[in-house]
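Containing PDB, C-alpha atoms: coords-v5.pdb.
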ATOM      1  CA  MET A   1      58.625 135.498 -26.544  1.00  0.00           C
ATOM      2  CA  PRO A   2      59.440 138.818 -28.307  1.00  0.00           C
ATOM      3  CA  ARG A   3      62.937 139.361 -29.672  1.00  0.00           C
ATOM      4  CA  THR A   4      64.842 142.209 -28.082  1.00  0.00           C
ATOM      5  CA  GLU A   5      68.014 141.772 -30.125  1.00  0.00           C
ATOM      6  CA  ARG A   6      68.717 143.957 -33.122  1.00  0.00           C
ATOM      7  CA  PRO A   7      69.669 142.271 -36.400  1.00  0.00           C
ATOM      8  CA  VAL A   8      73.305 142.274 -37.428  1.00  0.00           C
ATOM      9  CA  ARG A   9      73.794 144.352 -40.556  1.00  0.00           C
ATOM     10  CA  ILE A  10      76.656 143.684 -42.933  1.00  0.00           C
ATOM     11  CA  GLY A  11      77.494 146.179 -45.669  1.00  0.00           C
ATOM     12  CA  TYR A  12      79.472 145.984 -48.892  1.00  0.00           C
ATOM     13  CA  ALA A  13      80.872 148.935 -50.844  1.00  0.00           C
ATOM     14  CA  ARG A  14      82.854 148.698 -54.030  1.00  0.00           C
ATOM     15  CA  ALA A  15      84.381 150.895 -56.679  1.00  0.00           C
ATOM     16  CA  SER A  16      85.772 149.495 -59.889  1.00  0.00           C
ATOM     17  CA  THR A  17      88.398 152.104 -60.746  1.00  0.00           C
ATOM     18  CA  ALA A  18      90.931 154.158 -58.817  1.00  0.00           C
ATOM     19  CA  ARG A  19      89.085 157.349 -59.812  1.00  0.00           C
ATOM     20  CA  GLN A  20      85.829 156.202 -58.221  1.00  0.00           C
ATOM     21  CA  GLU A  21      85.419 156.810 -54.505  1.00  0.00           C
ATOM     22  CA  PRO A  22      83.230 154.597 -52.299  1.00  0.00           C
ATOM     23  CA  ALA A  23      82.870 157.418 -49.711  1.00  0.00           C
ATOM     24  CA  SER A  24      79.150 158.017 -50.363  1.00  0.00           C
ATOM     25  CA  GLN A  25      78.470 154.277 -50.163  1.00  0.00           C
ATOM     26  CA  LEU A  26      80.402 154.015 -46.892  1.00  0.00           C
ATOM     27  CA  GLU A  27      78.498 156.968 -45.452  1.00  0.00           C
ATOM     28  CA  ALA A  28      75.163 155.370 -46.365  1.00  0.00           C
ATOM     29  CA  LEU A  29      76.239 152.080 -44.775  1.00  0.00           C
ATOM     30  CA  HIS A  30      77.250 153.950 -41.633  1.00  0.00           C
ATOM     31  CA  ARG A  31      73.832 155.657 -41.495  1.00  0.00           C
ATOM     32  CA  ALA A  32      72.237 152.225 -41.916  1.00  0.00           C
ATOM     33  CA  GLU A  33      74.104 151.187 -38.755  1.00  0.00           C
ATOM     34  CA  CYS A  34      76.031 148.332 -40.355  1.00  0.00           C
ATOM     35  CA  HIS A  35      78.054 146.384 -37.822  1.00  0.00           C
ATOM     36  CA  LYS A  36      80.640 145.210 -40.344  1.00  0.00           C
ATOM     37  CA  VAL A  37      81.476 146.811 -43.688  1.00  0.00           C
ATOM     38  CA  PHE A  38      83.503 145.205 -46.432  1.00  0.00           C
ATOM     39  CA  LYS A  39      84.929 147.423 -49.153  1.00  0.00           C
ATOM     40  CA  GLU A  40      86.972 146.770 -52.240  1.00  0.00           C
ATOM     41  CA  GLN A  41      88.320 148.813 -55.077  1.00  0.00           C
ATOM     42  CA  ILE A  42      88.825 146.341 -57.876  1.00  0.00           C
ATOM     43  CA  SER A  43      87.579 145.868 -61.405  1.00  0.00           C
ATOM     44  CA  THR A  44      84.998 143.217 -62.147  1.00  0.00           C
ATOM     45  CA  ARG A  45      87.352 142.017 -64.891  1.00  0.00           C
ATOM     46  CA  ILE A  46      89.803 140.716 -62.277  1.00  0.00           C
ATOM     47  CA  ARG A  47      89.018 137.027 -61.857  1.00  0.00           C
ATOM     48  CA  VAL A  48      91.178 136.280 -58.823  1.00  0.00           C
ATOM     49  CA  ARG A  49      90.467 138.517 -55.848  1.00  0.00           C
ATOM     50  CA  PRO A  50      92.269 138.599 -52.515  1.00  0.00           C
TER      51      PRO A  50
END

Produce structure tokens that represent the structure in this file.
Amino acid sequence: MPRTERPVRIGYARASTARQEPASQLEALHRAECHKVFKEQISTRIRVRP
């Protein structure tokens, strides 16, 4: 039986400094038709993340 459902796409955008903007990443994820997008603006040096 052929599948008629579309896959669920989940996106992730991140920027490591306040000066960096994830806008281009978010736009690309929107064009990719992601159903859910997670974004964070946090340094990789931070060990404990919310």

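One distance worth recording is that between CA of Thr44 (chain A) and CA of Val8 (chain A), which is 27.4 Å.
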
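Straight-line separation from CA of Cys34 (chain A) to CA of Ser16 (chain A): 21.9 Å.
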
List the residues sitting within 12 Å of (81.9, 149.0, -51.9) in the file's frame, using all atoms listed in the file, as a ChimeraX atom specification.
/A:10-17,20-29,37-43
